[in-house]
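Asks: One structure is given below, represented as structure tokens, and several questions about it will come after.
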Amino acid sequence: MSIAEDPDRAPARSHLYAMGMSDEDMRRPTVGIATTWTGTMPCNLTHRELAAHVADGVRAAGGTPMEFNTIAVSDNLTMHTPGMRASLISREVIADSIELMGRAHGFDALVAIVGCDKTVPAAIMALARLDVPAVVLYSGSMMPGRWRGRDVTIQDMWEALGERAVGRLDQADLDDLARHACPGAGTCAAQYTANTMGAVADFLGLAPFGVGDIPAVAEEKNAAARRVGEIAMGALARDARPSRVLTEDALHNAIVSVAAMGGSTNAVLHLLAIAREAGLPLRVDRIGEVCREVPIITGLKPSGGEHTALDLWRAGGTSLVVRRLLAAGLLREDVTLVDGRTLAEVAADARERPGQAVVASVAEPFKPHGALAILRGSLAPDGCVLKLGGKQDFRHEGPAKVFDSEAECSAAIDAGQIVAGDVVVVRYEGPAGGPGMREMLSITGPLVGRGLGDSVALVTDGRFSGVSHGLVIGHVAPEAYHGGPIALVRDGDPVVVDSAAGTLDLVVPEEELERRRAAWRRPERAVERGVLTKYVATVGSASDGAVTT
């Protein structure tokens with residue numbers, strides 16, 4: 001019985017009348033439209049406008065839209081500040097808030113409008129919990145900036161800090177670049193975390209291929225948003241709920257997309273978390289196995305080449321990537337897509353721009369391996385993530401330089417204390433240790449800018465921005481806060497990274513490590529309050545997705 005017909009729901013109807021709804025509106029299926037709009041960053045700035053177009057599509061298809069909002073945290077604005085602790089935590093808060101609204105209001109279907117890094121996995125996690133027919137609308141990338149005759153992105157800003165430090169740029173150059181790097185609304189303009197996860201939503205089947213590729217400010221985006229509203233009503237009619245869409249085959253395809261498109265290390269955390277919410281088995285090592293099997297076929301910054309998300313859209317978008325991967329037999333076709341198409345139909349619909357140089361074939365890829373590798377060893381018994389970036393296998397051995405926080409390490413880099421061959425170890429930045437598992441872009445960017453990106457290895461129980469590249473190894477588990485081996489490393493200890501063997505080892509006799517382990521005490525820190533306290537008490541290991549229980 002609908003709310004319009006139930007005699008006991010008269011008090012509820014009175015509030016709906018107050019909002020301008022008619023009895024007919026109340027009889028129609030309700031579609032919740034969850035936006036992650038915020039006025040604190042460009043990434044999600046278009047969401048309210050997109051929600052209005054989605055609502056138009058819902059109404060045109062016979063539904064009643066009901067919009068609601070949740071939070072989003074800017075990684076770029078919080079980077080290298082205490083505010084970065086909020087970033088990964090926000091994934092859980094966003095997922096919980098969308099879930100709560102869905103449970104409270106009993107929507108018949110949902111559309112989640114997502115943009116910046118944590119909003120995409122958070123929304124998918126919530127949709128998996130609610131399991132009503134649902135569509136994800138990725139709001140799209142910003143355009144690249146132009147500076148001194150070349151395309152630039154936020155990656156150039158962070159690496160410019162290192163260039164300033166060694167005298168290749170002065171402060172006036174840096175300030176001028178800042179005025180040009182980010183020309184308008186949208187997510188960061190290459191295959192960083194947001195665009196990585198936007199593609200994941202496509203390959204999981206929850207987002208319609210082709211819609212997320214459209215840049216945030218392109219004219220075509222609003223019409224696509226209206227279509228998403230119609231697609232949501234179609235998903236409701238076909239009962240295309242997440243439990244039918246989020247299958248093991250769909251998860252495999254999503255992992256393939258991360259490998260083939262040179263995606264962010266953060267995808268490892270998010271894929272593990274999504275799999276958990278969907279009740280799907282996924283080991284962190286499986287992600288590494290796929291990345292060994294699948295080459296990088298898109299020439300996108302930062303791992304595949306120098307192209308931006310705009311270039312990918314113009315070349316043919318994720319649909320063209322599907323065509324290439326299907327032709328090579330790397331995708332599983334027995335999946336349900338939220339718009340009712342098959343992967344074969346998506347591939348056939350792809351419009352490849354003549355002469356495009358952004359999407360290659362699997363036979364002649366940009367790089368022979370995917371962007372990521374999973375390592376284990378005496379320094380990371382439960383695993384860690386190497387951002388290989390499609391490089392050939394390598395071995396790096398060097399002395400450890402140990403820092404108990406990102407800030408300590410950043411100061412050492414500024415002071416010129418890090419030299420070629422070092423293995424920089426940054427610890428107590430894990431999920432519980434941070435708390436919040438901060439990104440290390442304030443370290444990786446300056447290292448690359450100083451010309452040390454390929455000669456200094458960075459090992460941390462924290463994580464990395466999708467912008468980061470170089471010899472970077474994160475998500476070391478167990479983390480230092482829980483007494484993992486990374487807590488026992490001392491300055492000068494030999495550390496060996498061997499990507500071919502898949503190992504990360506601390507070359508110290510076991511007897512010495514046992515002595516250190518017996519003497520180890522968790523460092524004291526200021527007492528957290530509120531959400532940080534709750535997070536520390538409930539967050540799990542990065543090797544399981546850093547989810548809360």
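Identifiers in the structure tokens: chain A, B, ... in order shown; residue index from 1 per chain; ligand index from 1 in order shown.
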Taking a cut-off of 9 Å and counting only C-alpha atoms, can you build a table that, for each residue of region 152-199 of chain A near region 114-121 of chain A, reports the nearest atom pair and how far apart they are in Å (one decimal), sorted by chain then residue number, as a Markdown table?

Replies:
| residue | atom | partner | partner_atom | distance |
| --- | --- | --- | --- | --- |
| A:Gly186 | CA | A:Gly115 | CA | 7.6 |
| A:Thr187 | CA | A:Cys116 | CA | 5.9 |
| A:Cys188 | CA | A:Cys116 | CA | 8.2 |
| A:Tyr192 | CA | A:Asp117 | CA | 8.6 |
| A:Thr193 | CA | A:Asp117 | CA | 5.5 |
| A:Ala194 | CA | A:Asp117 | CA | 4.3 |
| A:Asn195 | CA | A:Asp117 | CA | 8.0 |
| A:Thr196 | CA | A:Asp117 | CA | 8.7 |
| A:Met197 | CA | A:Val120 | CA | 6.2 |
| A:Gly198 | CA | A:Val120 | CA | 6.8 |

Asks: Could those selected residues go to a file with N, CA, C and O atoms, as a PDB file, in the first residue's frame?

Replies:
ATOM      1  N   GLY A 186      34.955  19.985 -11.428  1.00  0.00           N
ATOM      2  CA  GLY A 186      35.208  18.608 -11.809  1.00  0.00           C
ATOM      3  C   GLY A 186      36.289  17.976 -10.963  1.00  0.00           C
ATOM      4  O   GLY A 186      36.969  18.643 -10.184  1.00  0.00           O
ATOM      5  N   THR A 187      36.434  16.684 -11.105  1.00  0.00           N
ATOM      6  CA  THR A 187      37.452  15.959 -10.355  1.00  0.00           C
ATOM      7  C   THR A 187      38.809  16.118 -11.031  1.00  0.00           C
ATOM      8  O   THR A 187      38.906  16.581 -12.168  1.00  0.00           O
ATOM      9  N   CYS A 188      39.864  15.720 -10.337  1.00  0.00           N
ATOM     10  CA  CYS A 188      41.216  15.898 -10.850  1.00  0.00           C
ATOM     11  C   CYS A 188      41.371  15.224 -12.205  1.00  0.00           C
ATOM     12  O   CYS A 188      40.875  14.118 -12.439  1.00  0.00           O
ATOM     13  N   TYR A 192      43.713   9.685 -11.706  1.00  0.00           N
ATOM     14  CA  TYR A 192      43.971   9.685 -10.280  1.00  0.00           C
ATOM     15  C   TYR A 192      42.834   8.898  -9.602  1.00  0.00           C
ATOM     16  O   TYR A 192      42.084   8.187 -10.266  1.00  0.00           O
ATOM     17  N   THR A 193      42.673   9.024  -8.302  1.00  0.00           N
ATOM     18  CA  THR A 193      41.731   8.134  -7.616  1.00  0.00           C
ATOM     19  C   THR A 193      40.291   8.334  -8.070  1.00  0.00           C
ATOM     20  O   THR A 193      39.558   7.368  -8.284  1.00  0.00           O
ATOM     21  N   ALA A 194      39.841   9.567  -8.209  1.00  0.00           N
ATOM     22  CA  ALA A 194      38.435   9.791  -8.562  1.00  0.00           C
ATOM     23  C   ALA A 194      38.102   9.171  -9.913  1.00  0.00           C
ATOM     24  O   ALA A 194      37.116   8.432 -10.051  1.00  0.00           O
ATOM     25  N   ASN A 195      38.905   9.448 -10.939  1.00  0.00           N
ATOM     26  CA  ASN A 195      38.626   8.876 -12.254  1.00  0.00           C
ATOM     27  C   ASN A 195      38.833   7.364 -12.280  1.00  0.00           C
ATOM     28  O   ASN A 195      38.147   6.647 -13.013  1.00  0.00           O
ATOM     29  N   THR A 196      39.786   6.869 -11.486  1.00  0.00           N
ATOM     30  CA  THR A 196      39.938   5.418 -11.351  1.00  0.00           C
ATOM     31  C   THR A 196      38.650   4.792 -10.856  1.00  0.00           C
ATOM     32  O   THR A 196      38.154   3.800 -11.412  1.00  0.00           O
ATOM     33  N   MET A 197      38.070   5.384  -9.809  1.00  0.00           N
ATOM     34  CA  MET A 197      36.866   4.804  -9.226  1.00  0.00           C
ATOM     35  C   MET A 197      35.629   5.075 -10.082  1.00  0.00           C
ATOM     36  O   MET A 197      34.678   4.287 -10.079  1.00  0.00           O
ATOM     37  N   GLY A 198      35.637   6.172 -10.837  1.00  0.00           N
ATOM     38  CA  GLY A 198      34.550   6.399 -11.792  1.00  0.00           C
ATOM     39  C   GLY A 198      34.504   5.281 -12.821  1.00  0.00           C
ATOM     40  O   GLY A 198      33.432   4.772 -13.184  1.00  0.00           O
TER      41      GLY A 198
END

Asks: Fewer than 6 positions away in the same chain doesn't count, so skip those; otherwise give me all residues within 7 Å of Phe464 (chain A), counting only C-alpha atoms, as a ChimeraX atom specification.

Replies: /A:265,439-441,474

Asks: Mind dumping the selected residues with C-alpha atoms as a CSV table (one decimal), in the first residue's frame?

Replies:
chain,number,residue,atom,x,y,z
A,265,THR,CA,46.6,2.5,-5.3
A,439,GLU,CA,48.0,10.3,1.8
A,440,MET,CA,51.7,11.1,1.3
A,441,LEU,CA,51.5,13.4,-1.7
A,474,GLY,CA,51.9,1.9,0.9

Asks: What are the closest atom pairs, with distances in Å to one decimal, for all residues of region 2-47 of chain A lying within 9 Å of region 140-159 of chain A? Consider only C-alpha atoms, order rows by chain and residue number, and present the result as JSON lines.

Replies:
{"residue": "A:Pro42", "atom": "CA", "partner": "A:Met142", "partner_atom": "CA", "distance": 8.3}
{"residue": "A:Cys43", "atom": "CA", "partner": "A:Met142", "partner_atom": "CA", "distance": 7.6}
{"residue": "A:Asn44", "atom": "CA", "partner": "A:Gly140", "partner_atom": "CA", "distance": 8.8}

Asks: Please save all heavy atoms of the selected residues as a PDB file, in the first residue's frame.

Replies:
ATOM      1  N   PRO A  42      36.177  21.936  -5.997  1.00  0.00           N
ATOM      2  CA  PRO A  42      35.581  21.923  -7.339  1.00  0.00           C
ATOM      3  C   PRO A  42      35.031  20.565  -7.747  1.00  0.00           C
ATOM      4  O   PRO A  42      34.188  20.484  -8.640  1.00  0.00           O
ATOM      5  CB  PRO A  42      36.760  22.321  -8.247  1.00  0.00           C
ATOM      6  CG  PRO A  42      37.977  21.893  -7.496  1.00  0.00           C
ATOM      7  CD  PRO A  42      37.643  22.103  -6.048  1.00  0.00           C
ATOM      8  N   CYS A  43      35.494  19.500  -7.084  1.00  0.00           N
ATOM      9  CA  CYS A  43      35.222  18.134  -7.553  1.00  0.00           C
ATOM     10  C   CYS A  43      33.733  17.838  -7.680  1.00  0.00           C
ATOM     11  O   CYS A  43      33.304  17.188  -8.636  1.00  0.00           O
ATOM     12  CB  CYS A  43      35.869  17.133  -6.612  1.00  0.00           C
ATOM     13  SG  CYS A  43      37.592  17.520  -6.209  1.00  0.00           S
ATOM     14  N   ASN A  44      32.928  18.266  -6.719  1.00  0.00           N
ATOM     15  CA  ASN A  44      31.508  17.905  -6.657  1.00  0.00           C
ATOM     16  C   ASN A  44      30.600  19.119  -6.842  1.00  0.00           C
ATOM     17  O   ASN A  44      29.420  19.081  -6.500  1.00  0.00           O
ATOM     18  CB  ASN A  44      31.191  17.248  -5.307  1.00  0.00           C
ATOM     19  CG  ASN A  44      31.991  15.995  -5.043  1.00  0.00           C
ATOM     20  OD1 ASN A  44      32.936  15.682  -5.756  1.00  0.00           O
ATOM     21  ND2 ASN A  44      31.628  15.259  -4.023  1.00  0.00           N
TER      22      ASN A  44
END

Asks: Considering only C-alpha atoms, can you say which of A:Leu272, A:Ile214, A:Leu447, A:Val362 comes closest to Ala189 (chain A)?

Replies: A:Ile214

Asks: Near region 532-537 of chain A, within 8 Å and counting only C-alpha atoms, which residues show up once chain neighbours fewer than 6 positions away are dropped, as a PyMOL selection string?

Replies: chain A and resi 89+431-433+435-436+548

Asks: Filtering to N, CA and C atoms, could you give me those residues as a CSV table (one decimal), in the first residue's frame?

Replies:
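Result file is part-v9.csv:
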chain,number,residue,atom,x,y,z
A,89,ILE,N,38.3,8.3,6.5
A,89,ILE,CA,37.2,8.2,7.4
A,89,ILE,C,35.8,8.6,6.8
A,431,PRO,N,45.6,3.1,9.1
A,431,PRO,CA,44.2,3.4,9.4
A,431,PRO,C,44.0,3.8,10.9
A,432,ALA,N,44.5,3.0,11.8
A,432,ALA,CA,44.4,3.3,13.3
A,432,ALA,C,45.5,4.3,13.7
A,433,GLY,N,46.7,4.1,13.2
A,433,GLY,CA,47.8,4.9,13.7
A,433,GLY,C,47.8,6.4,13.3
A,435,PRO,N,45.2,8.8,13.2
A,435,PRO,CA,44.4,7.8,12.5
A,435,PRO,C,43.9,8.4,11.2
A,436,GLY,N,43.4,7.5,10.3
A,436,GLY,CA,42.8,7.9,9.1
A,436,GLY,C,43.6,7.7,7.8
A,548,THR,N,35.3,-0.3,8.7
A,548,THR,CA,35.0,-0.3,10.1
A,548,THR,C,34.0,-1.5,10.4

Asks: Any chance you could tabulate, as a tab-separated table, the residues of region 120-209 of chain A at most 12 Å from region 342-357 of chain A with each one's nearest atom pair and distance in Å to one decimal, using only C-alpha atoms, in chain and rising number order?

Replies:
residue	atom	partner	partner_atom	distance
A:Asp202	CA	A:Leu343	CA	10.6
A:Phe203	CA	A:Leu343	CA	9.2
A:Leu204	CA	A:Leu343	CA	11.1
A:Gly205	CA	A:Leu343	CA	9.4
A:Pro208	CA	A:Val346	CA	9.3
A:Phe209	CA	A:Val346	CA	7.1

Asks: Since we have the selection now, will you write its residues out, keeping all heavy atoms, as an mmCIF file, in the first residue's frame?

Replies:
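File produced: result-v7.cif:
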data_model
loop_
_atom_site.group_PDB
_atom_site.id
_atom_site.type_symbol
_atom_site.label_atom_id
_atom_site.label_comp_id
_atom_site.auth_asym_id
_atom_site.auth_seq_id
_atom_site.Cartn_x
_atom_site.Cartn_y
_atom_site.Cartn_z
ATOM 1 N N ASP A 202 31.720 1.999 -13.652
ATOM 2 C CA ASP A 202 31.295 1.521 -14.970
ATOM 3 C C ASP A 202 31.463 0.009 -15.077
ATOM 4 O O ASP A 202 30.537 -0.722 -15.436
ATOM 5 C CB ASP A 202 32.126 2.169 -16.083
ATOM 6 C CG ASP A 202 31.811 3.636 -16.309
ATOM 7 O OD1 ASP A 202 30.888 4.155 -15.675
ATOM 8 O OD2 ASP A 202 32.501 4.251 -17.143
ATOM 9 N N PHE A 203 32.674 -0.461 -14.795
ATOM 10 C CA PHE A 203 32.996 -1.871 -15.009
ATOM 11 C C PHE A 203 32.290 -2.788 -14.012
ATOM 12 O O PHE A 203 32.096 -3.972 -14.304
ATOM 13 C CB PHE A 203 34.509 -2.079 -14.974
ATOM 14 C CG PHE A 203 35.200 -1.719 -16.259
ATOM 15 C CD1 PHE A 203 35.516 -0.403 -16.556
ATOM 16 C CD2 PHE A 203 35.524 -2.687 -17.188
ATOM 17 C CE1 PHE A 203 36.142 -0.056 -17.747
ATOM 18 C CE2 PHE A 203 36.150 -2.362 -18.390
ATOM 19 C CZ PHE A 203 36.458 -1.046 -18.677
ATOM 20 N N LEU A 204 31.911 -2.262 -12.860
ATOM 21 C CA LEU A 204 31.093 -3.044 -11.931
ATOM 22 C C LEU A 204 29.669 -3.208 -12.446
ATOM 23 O O LEU A 204 28.938 -4.084 -11.981
ATOM 24 C CB LEU A 204 31.057 -2.381 -10.553
ATOM 25 C CG LEU A 204 32.294 -2.546 -9.670
ATOM 26 C CD1 LEU A 204 32.157 -1.697 -8.411
ATOM 27 C CD2 LEU A 204 32.522 -4.015 -9.288
ATOM 28 N N GLY A 205 29.258 -2.348 -13.376
ATOM 29 C CA GLY A 205 27.925 -2.424 -13.942
ATOM 30 C C GLY A 205 26.917 -1.499 -13.310
ATOM 31 O O GLY A 205 25.757 -1.454 -13.730
ATOM 32 N N PRO A 208 26.262 3.653 -16.048
ATOM 33 C CA PRO A 208 26.174 3.405 -17.496
ATOM 34 C C PRO A 208 27.428 3.881 -18.218
ATOM 35 O O PRO A 208 27.839 5.039 -18.075
ATOM 36 C CB PRO A 208 24.941 4.206 -17.915
ATOM 37 C CG PRO A 208 24.707 5.199 -16.835
ATOM 38 C CD PRO A 208 25.300 4.660 -15.581
ATOM 39 N N PHE A 209 28.046 2.987 -18.976
ATOM 40 C CA PHE A 209 29.252 3.344 -19.725
ATOM 41 C C PHE A 209 28.978 4.569 -20.596
ATOM 42 O O PHE A 209 27.941 4.678 -21.229
ATOM 43 C CB PHE A 209 29.695 2.187 -20.618
ATOM 44 C CG PHE A 209 30.489 1.134 -19.903
ATOM 45 C CD1 PHE A 209 29.873 0.002 -19.400
ATOM 46 C CD2 PHE A 209 31.854 1.279 -19.721
ATOM 47 C CE1 PHE A 209 30.597 -0.982 -18.752
ATOM 48 C CE2 PHE A 209 32.595 0.310 -19.072
ATOM 49 C CZ PHE A 209 31.966 -0.824 -18.583
#

Asks: Which residues are close to Ala232 (chain A), i.e. within 7 Å by only C-alpha atoms, leaving aside same-chain residues fewer than 3 positions away? Reply as a ChimeraX atom specification.

Replies: /A:109,111,134-135,228-229,235-236

Asks: So what do you get for CA of Pro133 (chain A) versus CA of Thr247 (chain A), distance-wise?

Replies: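 Interatomic distance here is 14.8 Å.
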
Asks: Using 12 Å as the limit and counting only C-alpha atoms, can you tabulate each residue of region 287-315 of chain A that touches region 375-387 of chain A, with its shortest atom-to-atom distance in Å and the two atoms involved, as JSON lines?

Replies:
{"residue": "A:Ile287", "atom": "CA", "partner": "A:Val385", "partner_atom": "CA", "distance": 9.8}
{"residue": "A:Gly288", "atom": "CA", "partner": "A:Leu375", "partner_atom": "CA", "distance": 8.2}
{"residue": "A:Glu289", "atom": "CA", "partner": "A:Leu375", "partner_atom": "CA", "distance": 10.8}
{"residue": "A:Cys291", "atom": "CA", "partner": "A:Lys387", "partner_atom": "CA", "distance": 10.8}
{"residue": "A:Pro302", "atom": "CA", "partner": "A:Lys387", "partner_atom": "CA", "distance": 10.5}
{"residue": "A:Ser303", "atom": "CA", "partner": "A:Lys387", "partner_atom": "CA", "distance": 8.8}

Asks: Write out as number ranges by chain each polymer residue whose atoms come within 10 Å of region 273-285 of chain A, counting only C-alpha atoms; drop sequence neighbours fewer than 4 positions from it.

Replies: A: 92, 121-129, 131, 242-243, 245-248, 251-252, 267-269, 289-291, 373-376, 382-385, 542-548

Asks: Mind pulling up the distance from CA of Asp96 (chain A) to CA of Pro65 (chain A)?

Replies: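 CA of Pro65 (chain A) sits 20.9 Å away from CA of Asp96 (chain A).
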
Asks: Tell me, as a ChimeraX atom specification, which residues lie within 8 Å of region 160-169 of chain A, counting only C-alpha atoms; anything in the same chain fewer than 5 positions away does not count.

Replies: /A:174,414,445-450

Asks: Please produce a file of the residues just selected, as an mmCIF file, in the first residue's frame, where the atoms kept are all heavy atoms.

Replies:
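The new file again.cif reads:
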data_model
loop_
_atom_site.group_PDB
_atom_site.id
_atom_site.type_symbol
_atom_site.label_atom_id
_atom_site.label_comp_id
_atom_site.auth_asym_id
_atom_site.auth_seq_id
_atom_site.Cartn_x
_atom_site.Cartn_y
_atom_site.Cartn_z
ATOM 1 N N LEU A 174 55.379 29.265 -9.309
ATOM 2 C CA LEU A 174 54.465 28.368 -8.600
ATOM 3 C C LEU A 174 53.085 28.998 -8.474
ATOM 4 O O LEU A 174 52.052 28.344 -8.709
ATOM 5 C CB LEU A 174 55.038 28.032 -7.225
ATOM 6 C CG LEU A 174 54.337 26.932 -6.423
ATOM 7 C CD1 LEU A 174 54.480 25.592 -7.118
ATOM 8 C CD2 LEU A 174 54.906 26.858 -5.012
ATOM 9 N N ASP A 414 62.699 18.666 2.762
ATOM 10 C CA ASP A 414 62.956 20.099 2.579
ATOM 11 C C ASP A 414 64.387 20.462 2.963
ATOM 12 O O ASP A 414 64.989 21.373 2.379
ATOM 13 C CB ASP A 414 61.973 20.921 3.415
ATOM 14 C CG ASP A 414 60.554 20.865 2.874
ATOM 15 O OD1 ASP A 414 60.378 20.442 1.706
ATOM 16 O OD2 ASP A 414 59.623 21.230 3.615
ATOM 17 N N GLY A 445 55.315 14.074 -4.165
ATOM 18 C CA GLY A 445 55.426 15.173 -5.122
ATOM 19 C C GLY A 445 56.784 15.851 -5.076
ATOM 20 O O GLY A 445 57.472 15.960 -6.105
ATOM 21 N N PRO A 446 57.227 16.309 -3.897
ATOM 22 C CA PRO A 446 58.554 16.921 -3.816
ATOM 23 C C PRO A 446 59.699 15.985 -4.174
ATOM 24 O O PRO A 446 60.705 16.430 -4.745
ATOM 25 C CB PRO A 446 58.627 17.359 -2.347
ATOM 26 C CG PRO A 446 57.206 17.629 -1.971
ATOM 27 C CD PRO A 446 56.425 16.567 -2.684
ATOM 28 N N LEU A 447 59.588 14.686 -3.859
ATOM 29 C CA LEU A 447 60.650 13.756 -4.251
ATOM 30 C C LEU A 447 60.786 13.709 -5.774
ATOM 31 O O LEU A 447 61.901 13.756 -6.316
ATOM 32 C CB LEU A 447 60.366 12.357 -3.707
ATOM 33 C CG LEU A 447 60.664 12.103 -2.227
ATOM 34 C CD1 LEU A 447 60.223 10.701 -1.825
ATOM 35 C CD2 LEU A 447 62.152 12.287 -1.916
ATOM 36 N N VAL A 448 59.651 13.609 -6.469
ATOM 37 C CA VAL A 448 59.695 13.604 -7.931
ATOM 38 C C VAL A 448 60.223 14.937 -8.444
ATOM 39 O O VAL A 448 61.052 14.988 -9.358
ATOM 40 C CB VAL A 448 58.297 13.290 -8.510
ATOM 41 C CG1 VAL A 448 58.272 13.516 -10.020
ATOM 42 C CG2 VAL A 448 57.896 11.856 -8.195
ATOM 43 N N GLY A 449 59.738 16.036 -7.859
ATOM 44 C CA GLY A 449 60.174 17.358 -8.283
ATOM 45 C C GLY A 449 61.661 17.581 -8.100
ATOM 46 O O GLY A 449 62.295 18.320 -8.864
ATOM 47 N N ARG A 450 62.264 16.909 -7.108
ATOM 48 C CA ARG A 450 63.700 17.012 -6.862
ATOM 49 C C ARG A 450 64.516 16.030 -7.712
ATOM 50 O O ARG A 450 65.742 15.978 -7.589
ATOM 51 C CB ARG A 450 63.997 16.750 -5.382
ATOM 52 C CG ARG A 450 63.599 17.877 -4.445
ATOM 53 C CD ARG A 450 63.737 17.459 -2.990
ATOM 54 N NE ARG A 450 63.495 18.583 -2.085
ATOM 55 C CZ ARG A 450 64.446 19.342 -1.543
ATOM 56 N NH1 ARG A 450 65.717 19.090 -1.833
ATOM 57 N NH2 ARG A 450 64.147 20.333 -0.754
#

Asks: List every residue of region 143-331 of chain A that DSSP, applied to the backbone of this structure, assigns to strand (DSSP E or B), and report them as a list in words.

Replies: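 Selection result, strand (DSSP E or B) within region 143-331 of chain A: Gly145, Arg146, Trp147, Arg150, Asp151, Val152, Thr187, Ile296, Thr298, Leu300 and His307 of chain A.
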
Asks: Can those selected residues be exported to a file as a compact mmCIF listing (two decimals), in the first residue's frame so that it contains all heavy atoms?

Replies:
# COMPACT_ATOMS: atom_id res chain seq x y z
N GLY A 145 44.28 22.17 -17.20
CA GLY A 145 44.68 23.56 -17.36
C GLY A 145 45.72 23.71 -18.46
O GLY A 145 46.24 22.71 -18.97
N ARG A 146 46.00 24.94 -18.83
CA ARG A 146 47.06 25.21 -19.81
C ARG A 146 48.04 26.18 -19.18
O ARG A 146 47.65 27.22 -18.63
CB ARG A 146 46.48 25.83 -21.09
CG ARG A 146 45.66 24.88 -21.92
CD ARG A 146 46.50 23.80 -22.60
NE ARG A 146 47.40 24.34 -23.64
CZ ARG A 146 48.27 23.57 -24.30
NH1 ARG A 146 48.39 22.27 -24.04
NH2 ARG A 146 49.04 24.10 -25.24
N TRP A 147 49.30 25.84 -19.25
CA TRP A 147 50.34 26.69 -18.67
C TRP A 147 51.59 26.57 -19.53
O TRP A 147 52.10 25.48 -19.75
CB TRP A 147 50.63 26.26 -17.23
CG TRP A 147 51.53 27.19 -16.48
CD1 TRP A 147 51.25 28.49 -16.12
CD2 TRP A 147 52.83 26.91 -15.96
NE1 TRP A 147 52.31 29.03 -15.41
CE2 TRP A 147 53.30 28.08 -15.30
CE3 TRP A 147 53.66 25.79 -16.00
CZ2 TRP A 147 54.54 28.15 -14.68
CZ3 TRP A 147 54.91 25.85 -15.38
CH2 TRP A 147 55.34 27.02 -14.73
N ARG A 150 51.41 23.93 -22.42
CA ARG A 150 51.18 22.51 -22.19
C ARG A 150 50.00 22.30 -21.24
O ARG A 150 49.64 23.19 -20.46
CB ARG A 150 52.42 21.82 -21.62
CG ARG A 150 52.86 22.34 -20.24
CD ARG A 150 54.18 21.72 -19.82
NE ARG A 150 54.66 22.24 -18.54
CZ ARG A 150 54.46 21.64 -17.36
NH1 ARG A 150 53.77 20.51 -17.30
NH2 ARG A 150 54.93 22.17 -16.25
N ASP A 151 49.39 21.10 -21.34
CA ASP A 151 48.33 20.74 -20.42
C ASP A 151 48.91 20.47 -19.04
O ASP A 151 49.97 19.82 -18.92
CB ASP A 151 47.60 19.47 -20.89
CG ASP A 151 46.65 19.74 -22.04
OD1 ASP A 151 46.39 20.93 -22.34
OD2 ASP A 151 46.16 18.76 -22.64
N VAL A 152 48.23 20.95 -18.01
CA VAL A 152 48.68 20.73 -16.64
C VAL A 152 47.50 20.29 -15.78
O VAL A 152 46.33 20.56 -16.10
CB VAL A 152 49.32 22.00 -16.03
CG1 VAL A 152 50.67 22.29 -16.67
CG2 VAL A 152 48.40 23.21 -16.15
N THR A 187 36.43 16.68 -11.10
CA THR A 187 37.45 15.96 -10.35
C THR A 187 38.81 16.12 -11.03
O THR A 187 38.91 16.58 -12.17
CB THR A 187 37.10 14.46 -10.28
OG1 THR A 187 37.04 13.94 -11.62
CG2 THR A 187 35.75 14.25 -9.60
N ILE A 296 48.84 -2.00 -19.29
CA ILE A 296 48.24 -0.67 -19.34
C ILE A 296 48.00 -0.31 -20.80
O ILE A 296 48.94 -0.22 -21.60
CB ILE A 296 49.13 0.37 -18.67
CG1 ILE A 296 49.29 0.07 -17.18
CG2 ILE A 296 48.57 1.78 -18.87
CD1 ILE A 296 50.19 1.03 -16.43
N THR A 298 45.90 2.45 -21.67
CA THR A 298 45.55 3.86 -21.82
C THR A 298 46.76 4.72 -21.46
O THR A 298 47.41 4.48 -20.45
CB THR A 298 44.36 4.26 -20.93
OG1 THR A 298 44.68 3.99 -19.55
CG2 THR A 298 43.10 3.50 -21.32
N LEU A 300 47.37 7.47 -19.97
CA LEU A 300 46.91 8.52 -19.07
C LEU A 300 47.93 8.84 -17.98
O LEU A 300 48.62 7.94 -17.48
CB LEU A 300 45.59 8.09 -18.41
CG LEU A 300 44.41 7.83 -19.35
CD1 LEU A 300 43.26 7.19 -18.59
CD2 LEU A 300 43.96 9.14 -19.99
N HIS A 307 48.44 11.81 -21.21
CA HIS A 307 47.10 12.24 -21.57
C HIS A 307 46.24 12.46 -20.33
O HIS A 307 46.51 11.93 -19.24
CB HIS A 307 46.44 11.21 -22.48
CG HIS A 307 47.08 11.09 -23.82
ND1 HIS A 307 47.00 12.09 -24.77
CD2 HIS A 307 47.82 10.10 -24.38
CE1 HIS A 307 47.66 11.71 -25.85
NE2 HIS A 307 48.17 10.52 -25.64

Asks: With only C-alpha atoms as the counted atoms, please give the residues lying no more than 10 Å from region 328-330 of chain A, apart from itself and same-chain residues fewer than 5 positions off, as an MDAnalysis selection string.

Replies: chainID A and resid 252:253 256:257 260 290 293:294 322:323 361:363

Asks: Nearest to Gly453 (chain A): which of A:Ala411, A:Ala207, A:Val419, A:Ala400 is it, counting only C-alpha atoms?

Replies: A:Val419

Asks: Can you measure CA of Val73 (chain A) to CA of Gly39 (chain A) for me? One decimal in Å is fine.

Replies: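 Between CA of Val73 (chain A) and CA of Gly39 (chain A) the gap works out to 10.5 Å.
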
Asks: Go through A:Ala201, A:Met79, A:Arg179, A:Gln392 one by one, measure the shortest atom-to-atom distance of each to Ala112 (chain A) using only C-alpha atoms, and give the residue with the smallest value.

Replies: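 Checking each candidate against Ala112 (chain A), we get A:Ala201 as the closest.
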
Asks: With DSSP run on the backbone, what are the alpha helix (DSSP H) residues within region 89-199 of chain A? I'd like them as a PyMOL selection string.

Replies: chain A and resi 89-105+119-130+154-165+171-180+193-199
